[in-house]
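Chemist: You'll find start.cif just under this line, and it carries mmCIF, C-alpha atoms.
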data_entry
loop_
_atom_site.group_PDB
_atom_site.id
_atom_site.type_symbol
_atom_site.label_atom_id
_atom_site.label_comp_id
_atom_site.auth_asym_id
_atom_site.auth_seq_id
_atom_site.Cartn_x
_atom_site.Cartn_y
_atom_site.Cartn_z
ATOM 1 C CA SER A 18 139.166 138.632 150.808
ATOM 2 C CA MET A 19 138.989 137.900 147.076
ATOM 3 C CA ALA A 20 136.028 140.265 146.665
ATOM 4 C CA ALA A 21 137.834 143.035 148.541
ATOM 5 C CA GLY A 22 140.865 142.540 146.356
ATOM 6 C CA ARG A 23 138.785 142.905 143.226
ATOM 7 C CA LEU A 24 137.125 146.032 144.557
ATOM 8 C CA LEU A 25 140.534 147.524 145.341
ATOM 9 C CA VAL A 26 141.590 146.931 141.748
ATOM 10 C CA VAL A 27 138.474 148.724 140.519
ATOM 11 C CA ALA A 28 138.832 151.601 142.978
ATOM 12 C CA CYS A 29 142.485 152.202 142.144
ATOM 13 C CA ALA A 30 141.951 151.894 138.406
ATOM 14 C CA LEU A 31 138.905 154.162 138.251
ATOM 15 C CA ALA A 32 140.680 156.761 140.359
ATOM 16 C CA LEU A 33 143.634 156.582 138.005
ATOM 17 C CA CYS A 34 141.530 157.177 134.901
ATOM 18 C CA HIS A 35 140.485 160.563 136.299
ATOM 19 C CA VAL A 36 144.081 161.800 136.522
ATOM 20 C CA SER A 37 145.545 160.127 133.454
ATOM 21 C CA THR A 38 146.867 162.631 130.936
ATOM 22 C CA ALA A 39 146.558 160.131 128.102
ATOM 23 C CA PHE A 40 142.792 160.621 127.899
ATOM 24 C CA ASN A 41 141.065 163.979 127.542
ATOM 25 C CA MET A 42 138.285 165.741 125.684
ATOM 26 C CA ALA A 43 140.485 166.328 122.655
ATOM 27 C CA GLY A 44 141.363 162.666 122.306
ATOM 28 C CA CYS A 45 138.834 160.371 123.914
ATOM 29 C CA PHE A 46 141.015 157.399 123.125
ATOM 30 C CA PRO A 47 144.829 157.341 123.005
ATOM 31 C CA ALA A 48 146.937 158.019 119.957
ATOM 32 C CA GLN A 49 147.898 154.343 119.769
ATOM 33 C CA PHE A 50 144.246 153.260 119.600
ATOM 34 C CA GLY A 51 144.256 152.842 115.850
ATOM 35 C CA THR A 52 147.322 150.623 115.789
ATOM 36 C CA VAL A 53 146.249 148.182 118.485
ATOM 37 C CA SER A 54 142.458 148.344 118.237
ATOM 38 C CA GLY A 55 142.200 145.259 116.051
ATOM 39 C CA ARG A 56 143.913 143.129 118.686
ATOM 40 C CA VAL A 57 142.493 144.837 121.778
ATOM 41 C CA SER A 58 138.905 144.715 120.547
ATOM 42 C CA ASN A 59 139.215 140.924 120.623
ATOM 43 C CA VAL A 60 139.718 141.248 124.381
ATOM 44 C CA LEU A 61 137.059 143.779 125.274
ATOM 45 C CA ARG A 62 134.179 143.373 122.873
ATOM 46 C CA GLN A 63 132.835 141.416 119.935
ATOM 47 C CA ARG A 64 129.598 143.232 119.293
ATOM 48 C CA GLY A 65 127.592 141.833 116.420
ATOM 49 C CA GLY A 66 125.651 144.157 114.170
ATOM 50 C CA SER A 67 124.604 147.749 114.709
ATOM 51 C CA SER A 68 122.900 148.939 117.869
ATOM 52 C CA PHE A 69 121.351 151.961 116.168
ATOM 53 C CA ARG A 70 117.705 152.217 117.095
ATOM 54 C CA MET A 71 115.308 154.824 118.377
ATOM 55 C CA SER A 72 113.001 154.849 121.357
ATOM 56 C CA SER A 73 109.771 156.808 121.483
ATOM 57 C CA GLY A 74 110.116 160.511 122.188
ATOM 58 C CA VAL A 75 113.711 160.711 120.909
ATOM 59 C CA SER A 76 114.475 163.310 118.253
ATOM 60 C CA THR A 77 115.988 161.766 115.127
ATOM 61 C CA GLU A 78 116.953 164.928 113.211
ATOM 62 C CA ASP A 79 119.679 167.504 113.639
ATOM 63 C CA CYS A 80 118.834 171.030 114.766
ATOM 64 C CA ALA A 81 120.464 174.198 116.040
ATOM 65 C CA CYS A 82 121.876 173.711 119.509
ATOM 66 C CA THR A 83 123.861 175.323 122.305
ATOM 67 C CA ILE A 84 127.465 174.216 122.814
ATOM 68 C CA VAL A 85 129.190 174.850 126.133
ATOM 69 C CA GLY A 86 132.930 174.886 125.522
ATOM 70 C CA ALA A 87 134.793 176.279 122.519
ATOM 71 C CA GLY A 88 137.676 173.829 122.464
ATOM 72 C CA ARG A 89 138.489 171.298 119.773
ATOM 73 C CA ILE A 90 135.448 169.117 120.441
ATOM 74 C CA GLY A 91 132.995 172.018 120.742
ATOM 75 C CA GLN A 92 134.235 173.665 117.570
ATOM 76 C CA THR A 93 134.189 170.356 115.731
ATOM 77 C CA LEU A 94 130.515 169.841 116.644
ATOM 78 C CA GLU A 95 129.755 173.403 115.581
ATOM 79 C CA GLY A 96 131.427 172.716 112.239
ATOM 80 C CA PHE A 97 129.288 169.628 111.729
ATOM 81 C CA GLY A 98 126.223 171.786 112.353
ATOM 82 C CA LYS A 99 127.310 174.419 109.863
ATOM 83 C CA SER A 100 127.670 171.742 107.195
ATOM 84 C CA GLY A 101 123.980 170.983 107.758
ATOM 85 C CA GLY A 102 122.933 174.631 107.656
ATOM 86 C CA PHE A 103 122.553 175.146 111.415
ATOM 87 C CA SER A 104 123.848 178.078 113.446
ATOM 88 C CA ASP A 105 124.711 177.019 116.994
ATOM 89 C CA THR A 106 125.113 179.171 120.088
ATOM 90 C CA ILE A 107 128.609 178.825 121.592
ATOM 91 C CA ILE A 108 128.952 179.374 125.332
ATOM 92 C CA ARG A 109 132.431 180.431 126.417
ATOM 93 C CA ARG A 110 133.734 181.046 129.915
ATOM 94 C CA GLY A 111 131.576 183.706 131.561
ATOM 95 C CA ASP A 112 128.708 183.393 129.066
ATOM 96 C CA LYS A 113 125.202 182.441 130.172
ATOM 97 C CA ILE A 114 123.076 179.631 128.740
ATOM 98 C CA PRO A 115 119.940 181.307 127.281
ATOM 99 C CA ALA A 116 116.840 180.508 129.335
ATOM 100 C CA ASP A 117 114.630 180.939 126.286
ATOM 101 C CA GLY A 118 116.719 178.765 123.983
ATOM 102 C CA GLU A 119 115.648 175.558 122.313
ATOM 103 C CA GLY A 120 117.324 172.306 121.380
ATOM 104 C CA PRO A 121 120.096 170.334 123.048
ATOM 105 C CA ILE A 122 122.830 171.885 125.183
ATOM 106 C CA TYR A 123 126.109 170.082 124.500
ATOM 107 C CA VAL A 124 128.423 170.177 127.512
ATOM 108 C CA CYS A 125 131.907 169.803 126.013
ATOM 109 C CA THR A 126 133.953 170.614 129.097
ATOM 110 C CA ARG A 127 136.258 168.816 131.463
ATOM 111 C CA ASN A 128 134.761 166.971 134.402
ATOM 112 C CA ASP A 129 135.891 169.620 136.875
ATOM 113 C CA ALA A 130 133.703 172.228 135.155
ATOM 114 C CA LEU A 131 130.478 170.201 135.240
ATOM 115 C CA ASP A 132 129.327 171.382 138.660
ATOM 116 C CA ALA A 133 129.386 175.044 137.625
ATOM 117 C CA VAL A 134 127.826 174.352 134.209
ATOM 118 C CA ILE A 135 124.867 172.533 135.767
ATOM 119 C CA ASP A 136 124.387 175.163 138.490
ATOM 120 C CA GLU A 137 124.426 177.988 135.949
ATOM 121 C CA CYS A 138 122.070 176.243 133.529
ATOM 122 C CA PRO A 139 118.513 177.616 133.841
ATOM 123 C CA PRO A 140 116.363 174.964 135.605
ATOM 124 C CA SER A 141 113.936 174.955 132.682
ATOM 125 C CA ARG A 142 116.744 173.919 130.325
ATOM 126 C CA ARG A 143 118.447 171.205 132.375
ATOM 127 C CA SER A 144 116.553 168.400 130.659
ATOM 128 C CA ASP A 145 118.280 169.557 127.434
ATOM 129 C CA LEU A 146 121.787 168.969 128.788
ATOM 130 C CA VAL A 147 123.926 166.596 126.704
ATOM 131 C CA PHE A 148 127.010 165.385 128.539
ATOM 132 C CA TYR A 149 129.390 164.823 125.680
ATOM 133 C CA GLY A 150 132.391 162.609 126.213
ATOM 134 C CA GLN A 151 133.431 163.188 129.816
ATOM 135 C CA ASN A 152 135.656 160.236 130.703
ATOM 136 C CA GLY A 153 135.371 158.677 134.121
ATOM 137 C CA TYR A 154 132.360 157.561 136.129
ATOM 138 C CA ILE A 155 130.016 160.556 136.551
ATOM 139 C CA GLU A 156 126.660 158.783 136.913
ATOM 140 C CA ASP A 157 126.410 159.255 140.685
ATOM 141 C CA PHE A 158 127.508 162.883 140.347
ATOM 142 C CA LEU A 159 124.758 163.567 137.804
ATOM 143 C CA ARG A 160 122.231 161.916 140.096
ATOM 144 C CA SER A 161 123.383 164.131 142.981
ATOM 145 C CA LYS A 162 122.713 167.169 140.770
ATOM 146 C CA ASN A 163 119.254 165.825 139.802
ATOM 147 C CA VAL A 164 120.062 165.823 136.088
ATOM 148 C CA PHE A 165 120.745 162.150 135.407
ATOM 149 C CA ASP A 166 117.257 160.925 134.518
ATOM 150 C CA ASP A 167 116.332 163.638 132.008
ATOM 151 C CA SER A 168 119.703 164.422 130.453
ATOM 152 C CA THR A 169 121.432 162.881 127.444
ATOM 153 C CA LYS A 170 124.737 161.068 127.801
ATOM 154 C CA VAL A 171 127.262 160.436 125.037
ATOM 155 C CA LEU A 172 130.083 157.899 125.124
ATOM 156 C CA VAL A 173 132.634 159.323 122.703
ATOM 157 C CA TYR A 174 135.242 157.477 120.681
ATOM 158 C CA MET A 175 136.432 160.391 118.574
ATOM 159 C CA ALA A 176 139.814 162.113 118.522
ATOM 160 C CA VAL A 177 140.569 165.637 117.304
ATOM 161 C CA ALA A 178 144.335 166.032 117.115
ATOM 162 C CA LYS A 179 144.387 169.743 116.300
ATOM 163 C CA LEU A 180 141.844 172.530 116.070
ATOM 164 C CA GLY A 181 140.257 172.467 112.638
ATOM 165 C CA GLU A 182 141.455 168.998 111.684
ATOM 166 C CA LYS A 183 139.068 166.254 110.661
ATOM 167 C CA PRO A 184 138.345 164.002 113.653
ATOM 168 C CA THR A 185 139.204 160.320 113.767
ATOM 169 C CA ASP A 186 136.254 158.008 114.363
ATOM 170 C CA GLY A 187 136.413 155.111 116.827
ATOM 171 C CA ILE A 188 135.877 152.297 114.341
ATOM 172 C CA THR A 189 137.617 148.940 114.747
ATOM 173 C CA ASP A 190 137.749 145.832 112.619
ATOM 174 C CA LEU A 191 135.238 144.112 114.921
ATOM 175 C CA ASN A 192 133.106 147.243 115.331
ATOM 176 C CA PRO A 193 132.617 148.705 111.850
ATOM 177 C CA GLU A 194 129.422 150.372 113.094
ATOM 178 C CA GLY A 195 131.593 152.459 115.435
ATOM 179 C CA LEU A 196 131.823 152.604 119.206
ATOM 180 C CA THR A 197 130.438 156.072 119.953
ATOM 181 C CA ALA A 198 127.022 155.807 121.620
ATOM 182 C CA ALA A 199 124.310 158.067 123.008
ATOM 183 C CA THR A 200 121.256 157.620 125.208
ATOM 184 C CA GLY A 201 118.493 159.931 126.332
ATOM 185 C CA LYS A 202 116.194 162.659 125.041
ATOM 186 C CA TRP A 203 118.546 164.091 122.392
ATOM 187 C CA ALA A 204 120.379 160.882 121.462
ATOM 188 C CA GLY A 205 118.925 160.802 117.967
ATOM 189 C CA GLN A 206 119.926 164.414 117.374
ATOM 190 C CA VAL A 207 123.458 163.606 118.531
ATOM 191 C CA ALA A 208 123.620 160.725 116.051
ATOM 192 C CA ALA A 209 122.337 162.971 113.256
ATOM 193 C CA ARG A 210 124.871 165.696 114.091
ATOM 194 C CA LEU A 211 127.758 163.225 114.063
ATOM 195 C CA ARG A 212 126.578 161.636 110.815
ATOM 196 C CA SER A 213 126.748 165.077 109.200
ATOM 197 C CA GLY A 214 130.466 164.967 109.939
ATOM 198 C CA ASP A 215 130.839 161.401 108.627
ATOM 199 C CA MET A 216 131.098 160.068 112.187
ATOM 200 C CA THR A 217 129.235 157.048 113.560
ATOM 201 C CA CYS A 218 126.955 156.965 116.617
ATOM 202 C CA ASN A 219 124.799 154.200 118.070
ATOM 203 C CA VAL A 220 121.607 155.129 119.931
ATOM 204 C CA LEU A 221 121.214 152.799 122.914
ATOM 205 C CA ASP A 222 118.766 152.336 125.744
ATOM 206 C CA GLU A 223 119.965 153.163 129.268
ATOM 207 C CA ASP A 224 121.024 149.624 130.216
ATOM 208 C CA GLU A 225 122.961 149.069 126.999
ATOM 209 C CA PHE A 226 124.621 152.445 127.333
ATOM 210 C CA ARG A 227 125.669 151.794 130.921
ATOM 211 C CA ALA A 228 127.267 148.486 129.923
ATOM 212 C CA SER A 229 129.129 150.183 127.057
ATOM 213 C CA MET A 230 130.248 152.980 129.367
ATOM 214 C CA MET A 231 131.665 150.487 131.833
ATOM 215 C CA GLU A 232 133.484 148.650 129.045
ATOM 216 C CA LYS A 233 135.252 151.876 128.147
ATOM 217 C CA LEU A 234 136.064 152.578 131.794
ATOM 218 C CA MET A 235 137.561 149.105 132.134
ATOM 219 C CA TRP A 236 139.604 149.656 128.972
ATOM 220 C CA ILE A 237 140.973 152.990 130.209
ATOM 221 C CA SER A 238 141.501 151.788 133.757
ATOM 222 C CA ALA A 239 143.303 148.556 132.944
ATOM 223 C CA PHE A 240 145.589 150.040 130.315
ATOM 224 C CA MET A 241 146.463 153.159 132.299
ATOM 225 C CA LEU A 242 147.119 151.303 135.548
ATOM 226 C CA LEU A 243 149.246 148.633 133.877
ATOM 227 C CA GLY A 244 151.081 151.255 131.855
ATOM 228 C CA VAL A 245 151.997 153.235 134.969
ATOM 229 C CA HIS A 246 152.863 150.083 136.928
ATOM 230 C CA HIS A 247 155.336 149.039 134.248
ATOM 231 C CA GLY A 248 157.113 152.387 134.122
ATOM 232 C CA GLY A 249 154.900 154.499 131.886
ATOM 233 C CA ILE A 250 154.859 152.237 128.837
ATOM 234 C CA THR A 251 152.552 152.792 125.873
ATOM 235 C CA VAL A 252 149.126 151.289 125.284
ATOM 236 C CA GLY A 253 150.618 149.138 122.533
ATOM 237 C CA ASP A 254 153.280 147.772 124.867
ATOM 238 C CA VAL A 255 150.686 146.902 127.510
ATOM 239 C CA GLU A 256 148.659 145.004 124.932
ATOM 240 C CA SER A 257 151.597 143.121 123.438
ATOM 241 C CA LYS A 258 153.673 142.439 126.567
ATOM 242 C CA HIS A 259 151.192 142.247 129.451
ATOM 243 C CA ARG A 260 148.080 140.727 127.888
ATOM 244 C CA THR A 261 147.665 138.121 130.654
ATOM 245 C CA ASP A 262 147.584 140.796 133.373
ATOM 246 C CA PHE A 263 145.129 142.816 131.302
ATOM 247 C CA ASP A 264 142.799 139.824 130.883
ATOM 248 C CA LYS A 265 142.841 139.168 134.639
ATOM 249 C CA MET A 266 142.083 142.797 135.512
ATOM 250 C CA VAL A 267 139.190 143.053 133.078
ATOM 251 C CA THR A 268 137.696 139.789 134.353
ATOM 252 C CA GLU A 269 137.950 140.964 137.961
ATOM 253 C CA MET A 270 136.393 144.357 137.189
ATOM 254 C CA ALA A 271 133.558 142.748 135.225
ATOM 255 C CA THR A 272 132.797 140.491 138.197
ATOM 256 C CA CYS A 273 132.667 143.504 140.530
ATOM 257 C CA LEU A 274 130.345 145.394 138.187
ATOM 258 C CA LYS A 275 127.926 142.507 138.066
ATOM 259 C CA GLU A 276 127.981 141.994 141.849
ATOM 260 C CA ALA A 277 127.940 145.643 142.945
ATOM 261 C CA ARG A 278 125.974 147.344 140.179
ATOM 262 C CA GLY A 279 124.046 144.569 138.502
ATOM 263 C CA ILE A 280 125.526 145.513 135.139
ATOM 264 C CA ALA A 281 125.521 142.693 132.612
ATOM 265 C CA LEU A 282 128.196 143.134 129.983
ATOM 266 C CA LYS A 283 127.777 141.912 126.431
ATOM 267 C CA ASP A 284 128.873 138.434 125.450
ATOM 268 C CA GLY A 285 132.508 138.489 124.398
ATOM 269 C CA THR A 286 133.455 141.413 126.637
ATOM 270 C CA VAL A 287 135.668 139.214 128.816
#
How does the structure come out when it is put into structure tokens?
Modeler:
Amino acid sequence: SMAAGRLLVVACALALCHVSTAFNMAGCFPAQFGTVSGRVSNVLRQRGGSSFRMSSGVSTEDCACTIVGAGRIGQTLEGFGKSGGFSDTIIRRGDKIPADGEGPIYVCTRNDALDAVIDECPPSRRSDLVFYGQNGYIEDFLRSKNVFDDSTKVLVYMAVAKLGEKPTDGITDLNPEGLTAATGKWAGQVAARLRSGDMTCNVLDEDEFRASMMEKLMWISAFMLLGVHHGGITVGDVESKHRTDFDKMVTEMATCLKEARGIALKDGTV
């Protein structure tokens, strides 16, 4: 059926985005993002104005925090904190998250490490977990671990090419306010930490964040699947040579999201 066909497209594409080597924690969008973003953003989103706003009970200031993962992203966040006078606790492989600590716990690891990180986090600290930039759909996984409702989620559009280099922010011509977004208890702190590094971050409510998350998943899924299908071509080549196929895939995925998940995407997404 038509619906089954659309669901197959979504299933294949989302599965592909988990194994794609073009997207990872060090570069949460591909190297070609900057060169094609002006054209591609016309396809995926035309968001008007900034979405930065705070809900009650959300911290709006930076503070010392715990960072799980000492890779490029973790060390970049630590550097932002140092510029603001904060000394963060870095958790490397084998280290324990302090049970008596305070502040957010940034989880800057790959998806395959999340299960162990959550299990080893003291139960009293799990509401402080900040899932920072894991690509792929992890909402159901977080629910299965009983950490979805109280944790903070961050949708990251920031690339760090090499350790110690200044990161590149995910700003496009149609999104000068930036595309990085956060929701949850520590969302305001995340925004403050990123601002200290001259990065942008929008604080969204849960529904807005989920829609933005799905937009990114559609972007990754459609480009990666089409790129592989056409022999491993670049993101730029997909956008310039296979735009019609891309438009059809995004439209089909958006329809599935609305029917299966009740997620309403922003006007101009498709």
Chemist: Please report the interatomic distance between atom CA of A:Arg278 and atom CA of A:Asp129 in Å with one decimal.
Modeler: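 Here the two named atoms are 24.6 Å from each other.
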Chemist: Residues proximal to (114.8, 168.1, 129.1) were defined as those with any atom within 7 Å of that point in the file's coordinates, counting all atoms listed in the file. Which are they, as a ChimeraX atom specification?
Modeler: /A:142-145,167-168,202
Chemist: Give me the residues within 6 Å of stretch 121-128 of chain A as a ChimeraX atom specification, counting only C-alpha atoms and dropping any in the same chain fewer than 6 places off.
Modeler: /A:82-86,91,145-149
Chemist: Restricting the calculation to all atoms listed in the file, which member of A:Ala199, A:Glu119, A:Phe97, A:Lys265 is positioned closest to A:Asp224?
Modeler: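 Of A:Ala199, A:Glu119, A:Phe97, A:Lys265, the one nearest A:Asp224 is A:Ala199, counting all atoms listed in the file.
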Chemist: Please provide the set of residues having any atom within 12 Å of A:Arg227, restricted to all atoms listed in the file, with same-chain residues fewer than 5 positions apart removed, written as an mmCIF file with C-alpha atoms, in the frame of the given file.
Modeler:
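Output below, filename selection_4.cif:
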data_model
loop_
_atom_site.group_PDB
_atom_site.id
_atom_site.type_symbol
_atom_site.label_atom_id
_atom_site.label_comp_id
_atom_site.auth_asym_id
_atom_site.auth_seq_id
_atom_site.Cartn_x
_atom_site.Cartn_y
_atom_site.Cartn_z
ATOM 1 C CA TYR A 154 132.360 157.561 136.129
ATOM 2 C CA ILE A 155 130.016 160.556 136.551
ATOM 3 C CA GLU A 156 126.660 158.783 136.913
ATOM 4 C CA LYS A 170 124.737 161.068 127.801
ATOM 5 C CA VAL A 171 127.262 160.436 125.037
ATOM 6 C CA LEU A 172 130.083 157.899 125.124
ATOM 7 C CA ALA A 198 127.022 155.807 121.620
ATOM 8 C CA ALA A 199 124.310 158.067 123.008
ATOM 9 C CA THR A 200 121.256 157.620 125.208
ATOM 10 C CA GLY A 201 118.493 159.931 126.332
ATOM 11 C CA LEU A 221 121.214 152.799 122.914
ATOM 12 C CA ASP A 222 118.766 152.336 125.744
ATOM 13 C CA GLU A 232 133.484 148.650 129.045
ATOM 14 C CA LYS A 233 135.252 151.876 128.147
ATOM 15 C CA LEU A 234 136.064 152.578 131.794
ATOM 16 C CA LEU A 274 130.345 145.394 138.187
ATOM 17 C CA LYS A 275 127.926 142.507 138.066
ATOM 18 C CA ARG A 278 125.974 147.344 140.179
ATOM 19 C CA GLY A 279 124.046 144.569 138.502
ATOM 20 C CA ILE A 280 125.526 145.513 135.139
ATOM 21 C CA ALA A 281 125.521 142.693 132.612
ATOM 22 C CA LEU A 282 128.196 143.134 129.983
ATOM 23 C CA LYS A 283 127.777 141.912 126.431
#
Chemist: Using atom CA of A:Ala228 and atom CA of A:Ala271 as the two end points, give the distance in Å to one decimal.
Modeler: 10.0 Å
Chemist: Quick one: apply the PyMOL selection byres ((chain A and resi 197) around 6) to the file and drop the selected residues here as a PDB file with C-alpha atoms, keeping the file's coordinate frame.
Modeler:
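What ended up in part_6.pdb:
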ATOM      1  CA  LEU A 172     130.083 157.899 125.124  1.00  0.00           C
ATOM      2  CA  VAL A 173     132.634 159.323 122.703  1.00  0.00           C
ATOM      3  CA  TYR A 174     135.242 157.477 120.681  1.00  0.00           C
ATOM      4  CA  GLY A 195     131.593 152.459 115.435  1.00  0.00           C
ATOM      5  CA  LEU A 196     131.823 152.604 119.206  1.00  0.00           C
ATOM      6  CA  ALA A 198     127.022 155.807 121.620  1.00  0.00           C
ATOM      7  CA  CYS A 218     126.955 156.965 116.617  1.00  0.00           C
TER       8      CYS A 218
END
Chemist: Which value, in Å to one decimal, gives the distance between atom CA of A:Ser141 and atom CA of A:Phe226?
Modeler: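 Taking atom CA of A:Ser141 and atom CA of A:Phe226, their separation equals 25.5 Å.
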Chemist: Spell out the residues picked by the PyMOL selection byres ((chain A and resi 206-209) around 7) here, as number ranges by chain.
Modeler: A: 76-79, 203-205, 210-213, 218-219
